[in-house]
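File shown here: query_22.cif, holding mmCIF, C-alpha atoms.
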data_protein
loop_
_atom_site.label_atom_id
_atom_site.label_comp_id
_atom_site.auth_asym_id
_atom_site.auth_seq_id
_atom_site.Cartn_x
_atom_site.Cartn_y
_atom_site.Cartn_z
CA MET D 5 104.73 110.23 110.95
CA ALA D 6 106.68 107.09 110.15
CA GLY D 7 109.20 107.12 107.32
CA LEU D 8 108.61 105.34 104.03
CA ARG D 9 111.10 102.57 104.81
CA GLU D 10 109.34 101.83 108.10
CA ILE D 11 105.92 101.75 106.41
CA VAL D 12 107.10 99.34 103.70
CA ALA D 13 108.63 97.08 106.36
CA ALA D 14 105.51 97.18 108.56
CA PHE D 15 103.22 96.06 105.73
CA ASP D 16 105.56 93.27 104.59
CA VAL D 17 104.70 90.24 106.75
CA SER D 18 106.51 87.65 104.62
CA LYS D 19 109.16 87.09 107.29
CA VAL D 20 106.70 86.57 110.17
CA SER D 21 106.84 82.84 110.97
CA GLU D 22 105.10 82.83 114.35
CA SER D 23 101.75 81.02 114.48
CA TYR D 24 99.02 81.94 116.93
CA SER D 25 98.56 79.21 119.55
CA GLY D 26 95.32 80.38 121.18
CA PRO D 27 91.73 79.40 120.37
CA LEU D 28 90.73 80.03 116.76
CA GLU D 29 87.66 78.76 114.93
CA ILE D 30 86.70 78.54 111.27
CA THR D 31 83.02 77.92 110.48
CA ASP D 32 81.92 76.49 107.12
CA LEU D 33 78.50 77.76 105.99
CA LYS D 34 78.41 75.56 102.87
CA ASP D 35 75.77 73.08 104.03
CA MET D 36 73.61 75.69 105.72
CA LEU D 37 73.58 77.96 102.66
CA GLY D 38 73.49 75.16 100.10
CA THR D 39 76.38 76.54 98.06
CA ARG D 40 78.54 74.46 95.74
CA GLY D 41 81.75 75.86 97.23
CA HIS D 42 82.82 76.23 100.84
CA VAL D 43 82.03 79.47 102.67
CA LEU D 44 84.72 79.66 105.35
CA VAL D 45 84.26 82.23 108.10
CA VAL D 46 87.18 82.98 110.42
CA ARG D 47 85.52 83.55 113.76
CA GLY D 48 87.03 86.85 114.76
CA ASP D 49 83.80 87.33 116.70
CA LYS D 50 85.11 84.74 119.18
CA ALA D 51 88.57 86.26 119.70
CA TYR D 52 89.05 86.51 123.47
CA ALA D 53 85.46 85.36 124.08
CA GLU D 54 86.55 83.15 126.98
CA GLU D 55 88.51 85.96 128.63
CA LEU D 56 85.60 88.36 128.21
CA GLY D 57 83.18 85.97 129.92
CA GLU D 58 79.74 87.57 130.24
CA ARG D 59 80.77 90.27 127.77
CA ALA D 60 81.71 87.78 125.04
CA GLU D 61 79.59 89.77 122.56
CA LEU D 62 82.42 92.34 122.53
CA ALA D 63 84.92 89.86 121.03
CA ASN D 64 86.51 90.88 117.74
CA PRO D 65 89.84 90.49 115.86
CA LYS D 66 91.27 93.66 117.43
CA PHE D 67 91.73 91.70 120.66
CA TRP D 68 94.18 89.46 118.77
CA LEU D 69 95.85 92.50 117.25
CA TYR D 70 96.52 94.30 120.52
CA GLU D 71 97.68 91.12 122.25
CA HIS D 72 100.52 90.81 119.74
CA LEU D 73 101.10 94.53 119.45
CA LEU D 74 101.59 94.92 123.19
CA HIS D 75 104.04 92.01 123.25
CA SER D 76 106.14 93.47 120.44
CA THR D 77 109.72 94.45 121.22
CA ARG D 78 108.98 98.11 120.49
CA VAL D 79 106.02 98.42 122.88
CA GLN D 80 107.57 96.27 125.60
CA ALA D 81 110.61 98.58 125.66
CA GLU D 82 108.38 101.67 125.92
CA LEU D 83 106.34 100.10 128.72
CA ALA D 84 109.50 99.36 130.69
CA GLN D 85 110.86 102.88 130.16
CA ASN D 86 107.56 104.62 130.95
CA PRO D 87 105.88 102.82 133.86
CA GLU D 88 103.22 105.52 134.33
CA ALA D 89 102.44 106.24 130.70
CA ALA D 90 98.97 105.67 129.24
CA LEU D 91 98.37 103.75 126.02
CA LEU D 92 97.35 105.84 123.01
CA ASP D 93 95.73 104.81 119.75
CA ALA D 94 93.11 105.89 117.23
CA THR D 95 90.24 103.44 116.87
CA GLY D 96 86.71 102.63 115.80
CA PHE D 97 84.19 100.88 118.02
CA SER D 98 85.79 97.41 117.97
CA ALA D 99 89.36 98.49 118.70
CA LEU D 100 88.06 100.78 121.46
CA GLU D 101 87.00 97.74 123.45
CA ALA D 102 90.24 95.89 122.72
CA VAL D 103 92.48 98.80 123.75
CA GLY D 104 90.50 99.31 126.95
CA TYR D 105 90.68 95.62 127.84
CA HIS D 106 94.41 95.20 127.25
CA ALA D 107 95.24 98.49 129.00
CA ARG D 108 93.32 97.31 132.04
CA GLN D 109 95.24 94.02 132.02
CA LEU D 110 98.45 96.06 132.20
CA GLY D 111 97.10 98.40 134.85
CA ARG D 112 97.34 101.34 132.44
CA LYS D 113 95.01 104.09 131.34
CA ALA D 114 93.93 104.15 127.68
CA VAL D 115 93.64 107.32 125.61
CA VAL D 116 91.72 106.82 122.38
CA VAL D 117 91.09 109.16 119.43
CA MET D 118 87.79 108.52 117.64
CA ALA D 119 86.04 110.00 114.63
CA HIS D 120 83.71 112.90 115.37
CA GLU D 121 80.68 110.81 114.39
CA PHE D 122 81.38 107.84 116.70
CA LEU D 123 79.92 107.99 120.22
CA PRO D 124 81.27 105.29 122.56
CA PRO D 125 78.85 103.33 124.76
CA ALA D 126 78.49 104.92 128.19
CA ASP D 127 79.27 101.68 130.02
CA ILE D 128 82.76 101.45 128.53
CA PHE D 129 83.93 104.10 130.98
CA LYS D 130 82.79 101.84 133.83
CA ARG D 131 84.70 98.86 132.47
CA TYR D 132 87.97 100.60 131.72
CA ASP D 133 90.07 103.60 132.71
CA ILE D 134 89.71 105.20 129.30
CA GLU D 135 89.68 108.71 127.85
CA VAL D 136 88.05 109.29 124.46
CA ILE D 137 89.11 112.31 122.40
CA HIS D 138 86.82 113.12 119.50
CA ALA D 139 87.88 114.66 116.22
CA ASP D 140 86.53 118.08 115.27
CA LEU D 141 86.40 117.59 111.50
CA PRO D 142 84.31 114.89 109.78
CA ALA D 143 85.13 111.22 109.31
CA GLU D 144 88.66 110.08 108.40
CA GLU D 145 89.90 113.62 107.84
CA GLY D 146 89.09 114.65 111.40
CA TYR D 147 90.33 111.36 112.81
CA VAL D 148 93.75 111.81 111.20
CA ARG D 149 94.11 115.50 112.13
CA LYS D 150 93.11 114.95 115.75
CA LEU D 151 95.52 112.04 116.17
CA GLU D 152 98.38 114.17 114.80
CA GLU D 153 97.45 116.92 117.26
CA VAL D 154 97.36 114.56 120.25
CA VAL D 155 100.69 112.93 119.35
CA ARG D 156 102.30 116.40 119.13
CA SER D 157 100.77 117.94 122.23
CA ARG D 158 100.28 115.20 124.82
CA LYS D 159 103.09 113.75 126.91
CA ASN D 160 103.53 110.50 128.82
CA LEU D 161 101.71 108.44 126.20
CA ILE D 162 102.79 105.25 124.45
CA PHE D 163 101.49 105.40 120.88
CA LEU D 164 100.51 101.84 119.90
CA ASN D 165 99.74 102.79 116.27
CA GLN D 166 97.62 99.90 115.05
CA GLY D 167 97.33 101.65 111.69
CA LEU D 168 101.02 101.02 111.04
CA TYR D 169 101.88 97.93 113.07
CA GLY D 170 98.56 96.08 112.77
CA PRO D 171 99.62 93.84 109.86
CA GLN D 172 102.65 92.55 111.79
CA ALA D 173 100.46 91.93 114.84
CA LEU D 174 97.89 89.90 112.89
CA ALA D 175 100.32 87.94 110.72
CA PRO D 176 100.53 85.09 113.32
CA ILE D 177 96.76 84.74 112.99
CA GLY D 178 97.22 84.40 109.24
CA ASN D 179 99.83 81.67 109.72
CA ARG D 180 97.50 79.77 112.06
CA ILE D 181 94.60 79.99 109.61
CA VAL D 182 96.83 78.60 106.85
CA GLU D 183 97.82 75.66 109.09
CA ASP D 184 94.20 74.92 110.00
CA LEU D 185 93.06 75.04 106.38
CA GLU D 186 95.90 72.76 105.29
CA GLU D 187 94.95 70.30 108.04
CA LYS D 188 91.34 70.30 106.82
CA MET D 189 92.53 70.08 103.19
CA LEU D 190 90.52 73.16 102.28
CA ILE D 191 91.98 75.59 99.76
CA PRO D 192 90.27 78.97 99.44
CA ASN D 193 90.10 80.22 95.87
CA GLU D 194 89.13 83.73 96.98
CA THR D 195 89.21 85.74 100.19
CA TYR D 196 86.98 88.76 100.83
CA TRP D 197 87.76 91.66 103.16
CA VAL D 198 86.80 95.22 103.99
CA LEU D 199 89.50 97.86 104.25
CA GLY D 200 89.77 99.85 107.46
CA THR D 201 93.33 100.26 108.68
CA GLY D 202 94.39 97.34 106.49
CA ALA D 203 95.57 95.14 109.35
CA ASN D 204 93.39 92.14 108.44
CA ILE D 205 93.97 92.28 104.70
CA TYR D 206 97.74 92.80 104.90
CA GLY D 207 98.37 90.79 108.06
CA ILE D 208 96.08 87.81 107.46
CA GLY D 209 94.96 88.04 103.84
CA SER D 210 98.48 88.23 102.45
CA LYS D 211 99.49 85.10 104.39
CA ILE D 212 96.56 83.16 102.93
CA ALA D 213 97.25 84.47 99.42
CA ALA D 214 100.92 83.49 99.66
CA ALA D 215 100.10 79.97 100.87
CA PHE D 216 97.26 79.12 98.46
CA ARG D 217 97.65 81.64 95.61
CA SER D 218 94.09 82.69 96.33
CA LYS D 219 92.58 85.86 94.90
CA THR D 220 92.25 88.68 97.45
CA ILE D 221 89.20 90.92 97.06
CA ILE D 222 88.26 94.12 98.90
CA VAL D 223 84.56 94.93 99.26
CA GLU D 224 83.34 98.51 99.68
CA PRO D 225 79.89 100.09 100.03
CA SER D 226 78.79 101.25 96.59
CA ASP D 227 78.05 104.75 97.91
CA ALA D 228 81.47 105.19 99.54
CA PRO D 229 84.26 103.93 97.24
CA THR D 230 87.74 104.88 98.41
CA LEU D 231 90.06 102.79 96.23
CA PRO D 232 91.91 103.63 93.00
CA PRO D 233 89.54 102.98 90.06
CA ASP D 234 92.23 101.08 88.11
CA LEU D 235 94.08 98.65 90.39
CA SER D 236 95.96 97.02 87.51
CA SER D 237 97.95 100.11 86.52
CA PRO D 238 100.87 101.02 88.84
CA THR D 239 100.98 104.48 87.27
CA ALA D 240 97.28 105.07 87.96
CA VAL D 241 97.58 103.71 91.50
CA LYS D 242 100.53 105.99 92.25
CA ALA D 243 98.78 109.06 90.81
CA PHE D 244 95.57 108.34 92.73
CA SER D 245 97.40 107.72 96.01
CA ARG D 246 99.59 110.82 95.76
CA HIS D 247 96.59 113.02 95.02
CA ALA D 248 94.59 111.50 97.89
CA TRP D 249 97.53 111.91 100.26
CA ARG D 250 97.96 115.59 99.38
CA THR D 251 94.28 116.47 99.66
CA TYR D 252 92.80 114.15 102.30
CA GLN D 253 89.89 116.50 102.89
CA ILE D 254 86.26 115.43 103.01
CA LYS D 255 84.38 117.34 100.31
CA ASN D 256 80.79 117.46 99.13
CA TRP D 257 79.57 115.08 101.82
CA GLY D 258 75.84 115.41 102.31
CA GLY D 259 75.88 113.88 105.77
CA VAL D 260 74.59 110.51 104.55
CA TYR D 261 76.49 107.38 105.50
CA SER D 262 76.05 103.70 104.62
CA GLY D 263 76.28 102.56 108.23
CA MET D 264 79.15 100.21 107.42
CA PHE D 265 81.17 101.26 110.49
CA PRO D 266 84.10 101.91 110.65
CA LEU D 267 84.70 102.09 106.89
CA HIS D 268 85.84 105.42 105.48
CA LEU D 269 83.81 107.90 103.47
CA GLN D 270 86.19 109.09 100.75
CA PHE D 271 89.81 108.10 101.47
CA PRO D 272 91.69 104.94 102.46
CA SER D 273 93.86 105.01 105.57
CA ARG D 274 97.01 107.11 105.31
CA TYR D 275 99.64 104.38 105.69
CA PRO D 276 98.32 102.23 102.80
CA LEU D 277 98.09 105.39 100.69
CA LEU D 278 101.78 106.13 101.24
CA LEU D 279 102.65 102.52 100.47
CA TRP D 280 100.65 102.57 97.21
CA ALA D 281 102.11 105.94 96.21
CA HIS D 282 105.57 104.39 96.50
CA THR D 283 104.98 100.94 94.99
CA GLY D 284 101.99 101.39 92.68
CA ASN D 285 100.77 98.03 94.02
CA VAL D 286 97.77 97.89 96.37
CA GLY D 287 98.56 94.34 97.49
CA PHE D 288 95.20 92.81 96.56
CA ASP D 289 93.63 91.64 93.31
CA GLU D 290 90.24 93.19 92.97
CA ALA D 291 87.66 95.56 94.46
CA ARG D 292 83.91 94.98 94.51
CA ASN D 293 81.15 97.45 95.36
CA VAL D 294 78.07 96.25 97.20
CA HIS D 295 75.01 98.29 98.17
CA ALA D 296 74.64 98.60 101.93
CA PHE D 297 71.06 97.35 101.68
CA GLU D 298 72.26 94.02 100.30
CA ALA D 299 74.53 93.65 103.32
CA THR D 300 71.80 94.45 105.83
CA GLN D 301 69.43 92.03 104.07
CA LEU D 302 72.01 89.24 104.34
CA GLN D 303 72.78 90.20 107.92
CA ARG D 304 69.11 89.79 108.89
CA ALA D 305 68.86 86.49 107.03
CA LEU D 306 71.89 85.07 108.84
CA ARG D 307 70.52 86.32 112.17
CA ARG D 308 67.30 84.39 111.52
CA LEU D 309 69.26 81.25 110.69
CA SER D 310 71.26 81.39 113.91
CA PRO D 311 72.02 83.96 116.64
CA ASP D 312 75.61 82.73 116.41
CA TYR D 313 75.81 84.28 112.94
CA ASP D 314 74.57 87.73 113.97
CA TRP D 315 77.68 89.46 112.63
CA THR D 316 78.60 93.07 111.91
CA GLU D 317 77.47 94.96 108.83
CA THR D 318 81.04 94.84 107.50
CA THR D 319 81.08 91.04 107.79
CA ALA D 320 77.84 90.86 105.82
CA LEU D 321 79.21 93.31 103.25
CA ALA D 322 82.13 90.96 102.52
CA LEU D 323 79.86 87.91 102.56
CA VAL D 324 77.51 89.18 99.82
CA PRO D 325 79.92 88.65 96.88
CA ALA D 326 81.65 85.76 98.67
CA ILE D 327 78.42 83.73 98.82
CA GLU D 328 77.65 84.59 95.21
CA SER D 329 81.04 83.19 94.21
CA ALA D 330 80.53 80.09 96.38
CA ARG D 331 77.27 79.40 94.54
CA LYS D 332 79.37 79.14 91.38
CA GLY D 333 81.63 76.57 93.02
CA LYS D 334 84.48 78.65 94.41
CA ASN D 335 85.82 78.10 97.93
CA VAL D 336 85.73 81.47 99.68
CA LEU D 337 86.93 82.84 103.01
CA VAL D 338 85.85 85.89 104.99
CA MET D 339 86.57 87.32 108.43
CA ALA D 340 83.78 87.72 110.99
CA TYR D 341 84.66 91.16 112.33
CA GLY D 342 82.53 90.77 115.45
CA LYS D 343 78.95 90.41 116.60
CA TRP D 344 76.44 93.06 115.56
CA ARG D 345 75.95 95.84 118.09
CA LYS D 346 73.93 99.01 117.75
CA HIS D 347 76.28 102.02 117.82
CA ARG D 348 75.49 105.61 118.63
CA THR D 349 76.55 108.17 116.04
CA ARG D 350 76.11 111.85 115.32
CA GLY D 351 76.67 114.37 112.55
CA GLY D 352 75.10 112.35 109.75
CA SER D 353 72.26 110.08 108.71
CA VAL D 354 72.68 106.36 108.13
CA VAL D 355 70.95 105.26 104.93
CA ASN D 356 71.42 101.53 104.31
CA ALA D 357 67.93 100.60 103.14
CA PRO D 358 65.80 101.17 100.04
CA PRO D 359 63.22 103.98 100.05
CA TRP D 360 60.62 103.60 102.82
CA ILE D 361 57.80 102.67 100.49
CA PHE D 362 59.72 99.76 98.94
CA ARG D 363 60.69 98.03 102.18
CA GLY D 364 57.41 96.13 102.68
CA GLU D 365 58.16 95.49 106.35
CA THR D 366 55.09 97.01 108.04
CA THR D 367 51.40 96.84 107.13
CA LEU D 368 51.47 100.51 106.16
CA GLN D 369 54.50 100.02 103.91
CA LYS D 370 52.90 97.02 102.22
CA ALA D 371 49.66 98.93 101.63
CA ALA D 372 51.55 101.93 100.23
CA LEU D 373 53.60 99.69 97.96
CA ALA D 374 50.46 97.90 96.71
CA ALA D 375 48.76 101.23 96.00
CA THR D 376 51.82 102.41 94.07
CA VAL D 377 51.93 99.23 91.99
CA ILE D 378 48.20 99.54 91.20
CA ALA D 379 48.65 103.18 90.21
CA TYR D 380 51.54 102.36 87.86
CA ALA D 381 49.60 99.43 86.41
CA ALA D 382 46.62 101.70 85.72
CA LEU D 383 48.92 104.27 84.15
CA GLY D 384 50.39 101.56 81.95
CA PHE D 385 46.94 100.35 80.95
CA PHE D 386 45.84 103.79 79.79
CA TYR D 387 49.17 104.39 78.07
CA VAL D 388 49.00 101.10 76.17
CA ARG D 389 45.33 101.70 75.24
CA ASP D 390 46.35 104.87 73.39
CA VAL D 391 49.13 103.23 71.37
CA PRO D 392 48.29 103.10 67.63
CA PRO D 393 47.68 99.56 66.36
CA ASP D 394 50.44 99.89 63.75
CA ALA D 395 53.09 100.96 66.29
CA PRO D 396 56.28 98.82 66.23
CA SER D 397 56.68 96.23 68.99
CA TRP D 398 59.93 96.02 70.98
CA PRO D 399 61.25 92.83 72.49
CA VAL D 400 61.08 92.72 76.28
CA PRO D 401 64.30 91.42 77.82
#
The structure given in the file should be rewritten as structure tokens.
Amino acid sequence: MAGLREIVAAFDVSKVSESYSGPLEITDLKDMLGTRGHVLVVRGDKAYAEELGERAELANPKFWLYEHLLHSTRVQAELAQNPEAALLDATGFSALEAVGYHARQLGRKAVVVMAHEFLPPADIFKRYDIEVIHADLPAEEGYVRKLEEVVRSRKNLIFLNQGLYGPQALAPIGNRIVEDLEEKMLIPNETYWVLGTGANIYGIGSKIAAAFRSKTIIVEPSDAPTLPPDLSSPTAVKAFSRHAWRTYQIKNWGGVYSGMFPLHLQFPSRYPLLLWAHTGNVGFDEARNVHAFEATQLQRALRRLSPDYDWTETTALALVPAIESARKGKNVLVMAYGKWRKHRTRGGSVVNAPPWIFRGETTLQKAALAATVIAYAALGFFYVRDVPPDAPSWPVP
């Protein structure tokens, strides 16, 4: 485990001046959505799309991250000293593809630790020389424990550690976004993110906030909040983070998940927790909770508008409050975390929709919903009929 001084330094990107020189797009959805403010989407779903060719649907911001991470002084030195070593990291679905791709470019094997619930696509083993090691315990708890075990027990591995060095690797992307926005004379009032490892929010979001004094907002599924309840109190943030760090054990989980992969169930990532426990400052301004169903509804709506906007559930999660703010006139910015892909999972049930009867998608659902409405209306009729004529009336909001 890295020391506190190293963690603080890794999450401080203020001294990173490099600007990314590769292709980078920002799409404005303002006209399409009819909002008063701009809805700026950084097209992380096009990162390395040209290099991926026919598999461009795999593109995501982790390809940027690992490009810079592998060119860092630390990793370059380890590659030179260990010419046969494989690359090790712990990832979700998006980073799995990025690690495999960059390892192949270097002629190296990739060893990846994944959460117990995440099952990689079978064809990834045909594309890359990659070994996936699954956690035994659930969700982020198992992911962390298994990574610690692999780091201790396996030899001849180069630990990339995106969880710690990700912000530094993505900071050049943040600088480039700032330059592009300044050139277009667009100033974001608010930026919206989801919190996985924290690489995007601390590497890119902090650069945008520093340049434009924009408000930085984290969005979480309403059924899986992981952040301190009071972000404004350093004392409360420290107490929350220290307690979470000491426990870090999934409890009372009923096996139901929002489907917002790869967001955590109960705890933030370990490195941000240590940082918050030390500083009492989470590094962003606000947290919003959004129901997963709202995100999937928006995701489907955007997909109907254009296949080019068929983004991940996490992208849609961040877009829900961002679009609401843009309707009020604010300029907002979000990251497109990749194109939507169906992932295989195990050990839990994904519930990101309202009860079956209220969906109204199939003929049977519509008929059942209509019957329910009629039944409640009849019940109301009989109830009202029995109300005494002198009963008080209450205003209906």
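Applied to this file, the PyMOL selection byres ((chain D and resi 249) around 9) selects the residues Phe244, Ser245, Arg246, His247, Ala248, Arg250, Thr251, Tyr252, Phe271, Arg274, Leu277, Leu278 and Ala281 of chain D.
Of the listed residues (D:Ser18, D:Glu194, D:Ala175, D:Val260), D:Glu194 comes nearest to Gly333 (chain D); the distances count all atoms listed in the file.
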For this session: Find, counting only C-alpha atoms, the residue in D:Arg292, D:Arg47, D:His282, D:Arg180 that gets nearest to Ile221 (chain D).
Result: D:Arg292
Could you produce a table of the residues of region 34-127 of chain D lying within 12 Å of region 155-174 of chain D, with the nearest pair of atoms per residue and their separation in Å rounded to one decimal, using all atoms listed in the file, ordered by chain and increasing residue number, as a tab-separated table?
residue	atom	partner	partner_atom	distance
D:Gly48	CA	D:Leu174	CA	11.4
D:Pro65	CA	D:Leu174	CA	8.6
D:Lys66	CA	D:Leu174	CA	8.9
D:Phe67	CA	D:Leu174	CA	10.1
D:Trp68	CA	D:Leu174	CA	7.0
D:Leu69	CA	D:Ala173	CA	5.2
D:Tyr70	CA	D:Ala173	CA	7.3
D:Glu71	CA	D:Ala173	CA	8.0
D:His72	CA	D:Ala173	CA	5.0
D:Leu73	CA	D:Ala173	CA	5.3
D:Leu74	CA	D:Leu164	CA	7.7
D:His75	CA	D:Ala173	CA	9.1
D:Ser76	CA	D:Ala173	CA	8.1
D:Thr77	CA	D:Ala173	CA	11.5
D:Arg78	CA	D:Leu164	CA	9.3
D:Val79	CA	D:Leu164	CA	7.1
D:Gln80	CA	D:Ile162	CA	10.2
D:Ala81	CA	D:Ile162	CA	10.3
D:Glu82	CA	D:Ile162	CA	6.8
D:Leu83	CA	D:Ile162	CA	7.6
D:Ala84	CA	D:Ile162	CA	10.9
D:Gln85	CA	D:Ile162	CA	10.2
D:Asn86	CA	D:Asn160	CA	7.4
D:Pro87	CA	D:Asn160	CA	9.5
D:Glu88	CA	D:Asn160	CA	7.4
D:Ala89	CA	D:Asn160	CA	4.8
D:Ala90	CA	D:Leu161	CA	4.9
D:Leu91	CA	D:Ile162	CA	4.9
D:Leu92	CA	D:Phe163	CA	4.7
D:Asp93	CA	D:Leu164	CA	5.6
D:Ala94	CA	D:Asn165	CA	7.4
D:Thr95	CA	D:Gln166	CA	8.4
D:Gly96	CA	D:Gln166	CA	11.3
D:Ala99	CA	D:Gln166	CA	9.1
D:Leu100	CA	D:Gln166	CA	11.5
D:Ala102	CA	D:Gln166	CA	11.4
D:Val103	CA	D:Leu164	CA	9.4
D:His106	CA	D:Leu164	CA	11.6
D:Ala107	CA	D:Leu164	CA	11.0
D:Arg112	CA	D:Leu161	CA	10.4
D:Lys113	CA	D:Leu161	CA	9.5
D:Ala114	CA	D:Leu161	CA	9.0
D:Val115	CA	D:Leu161	CA	8.2
D:Val116	CA	D:Phe163	CA	10.0
D:Val117	CA	D:Val155	CA	10.3
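Restricting the calculation to all atoms listed in the file, the smallest distance between Tyr313 (chain D) and any of D:Gly342, D:Leu337, D:Arg59, D:His138 is found for D:Gly342.
Evaluating the PyMOL selection byres ((chain D and resi 20) around 9) against the shown model yields Asp16, Val17, Ser18, Lys19, Ser21, Glu22, Ser23, Gln172, Ala175, Pro176 and Asn179 of chain D.
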For this session: With only C-alpha atoms counted, which protein, DNA or RNA residues have an atom no more than 12 Å from (81.6, 88.6, 93.2) in the file frame? Please answer as a ChimeraX atom specification.
Result: /D:194-196,219-224,290-294,321-332,334,336
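Distances here use all atoms listed in the file; by that measure, the residue among D:Ala51, D:Gly57, D:Glu187, D:Pro142 closest to Asn256 (chain D) is D:Pro142.
The interatomic distance for the pair CA of Pro272 (chain D) and CA of Ile11 (chain D) works out to 15.1 Å.
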Exercise. Which residues match the PyMOL selection byres ((chain D and resi 305) around 12) in the file above, as a PyMOL selection string?
Worked result: chain D and resi 36-37+298-304+306-311+313-315+320+323-324
Taking all listed atoms of region 79-82 of chain D, build the axis-aligned box, pad each of the six sides by 3 Å, then write its centre and edge lengths in Å to one decimal as JSON.
{"center_x": 108.3, "center_y": 99.0, "center_z": 124.4, "size_x": 10.6, "size_y": 11.4, "size_z": 9.0}
Mind dumping region 219-233 of chain D from that block, keeping N, CA and C atoms, as a CSV table (one decimal), in the first residue's frame?
chain,number,residue,atom,x,y,z
D,219,LYS,N,-18.5,24.4,-10.7
D,219,LYS,CA,-18.9,23.5,-9.6
D,219,LYS,C,-18.7,22.0,-10.1
D,220,THR,N,-18.1,21.2,-9.2
D,220,THR,CA,-17.9,19.8,-9.5
D,220,THR,C,-18.9,18.9,-8.7
D,221,ILE,N,-19.6,18.1,-9.4
D,221,ILE,CA,-20.7,17.3,-8.8
D,221,ILE,C,-20.6,15.8,-9.1
D,222,ILE,N,-20.6,15.0,-8.1
D,222,ILE,CA,-20.6,13.6,-8.2
D,222,ILE,C,-22.0,13.1,-8.2
D,223,VAL,N,-22.3,12.1,-9.1
D,223,VAL,CA,-23.7,11.5,-9.2
D,223,VAL,C,-23.6,10.1,-8.8
D,224,GLU,N,-24.4,9.6,-7.9
D,224,GLU,CA,-24.5,8.2,-7.5
D,224,GLU,C,-25.9,7.6,-7.6
D,225,PRO,N,-26.0,6.3,-7.8
D,225,PRO,CA,-27.3,5.7,-7.8
D,225,PRO,C,-27.9,5.9,-6.4
D,226,SER,N,-29.2,6.2,-6.4
D,226,SER,CA,-29.9,6.5,-5.1
D,226,SER,C,-29.9,5.2,-4.2
D,227,ASP,N,-29.8,4.0,-4.8
D,227,ASP,CA,-29.8,2.8,-3.9
D,227,ASP,C,-28.4,2.4,-3.5
D,228,ALA,N,-27.4,3.1,-3.9
D,228,ALA,CA,-26.0,2.7,-3.6
D,228,ALA,C,-25.1,3.9,-3.3
D,229,PRO,N,-25.5,4.7,-2.3
D,229,PRO,CA,-24.7,5.9,-1.9
D,229,PRO,C,-23.4,5.4,-1.2
D,230,THR,N,-22.3,6.0,-1.5
D,230,THR,CA,-21.0,5.6,-0.9
D,230,THR,C,-20.3,6.8,-0.3
D,231,LEU,N,-20.8,8.0,-0.5
D,231,LEU,CA,-20.1,9.2,-0.1
D,231,LEU,C,-20.4,9.7,1.3
D,232,PRO,N,-19.6,10.5,2.0
D,232,PRO,CA,-19.9,11.1,3.3
D,232,PRO,C,-21.2,11.9,3.1
D,233,PRO,N,-22.1,11.8,4.1
D,233,PRO,CA,-23.4,12.5,4.0
D,233,PRO,C,-23.3,14.0,4.1
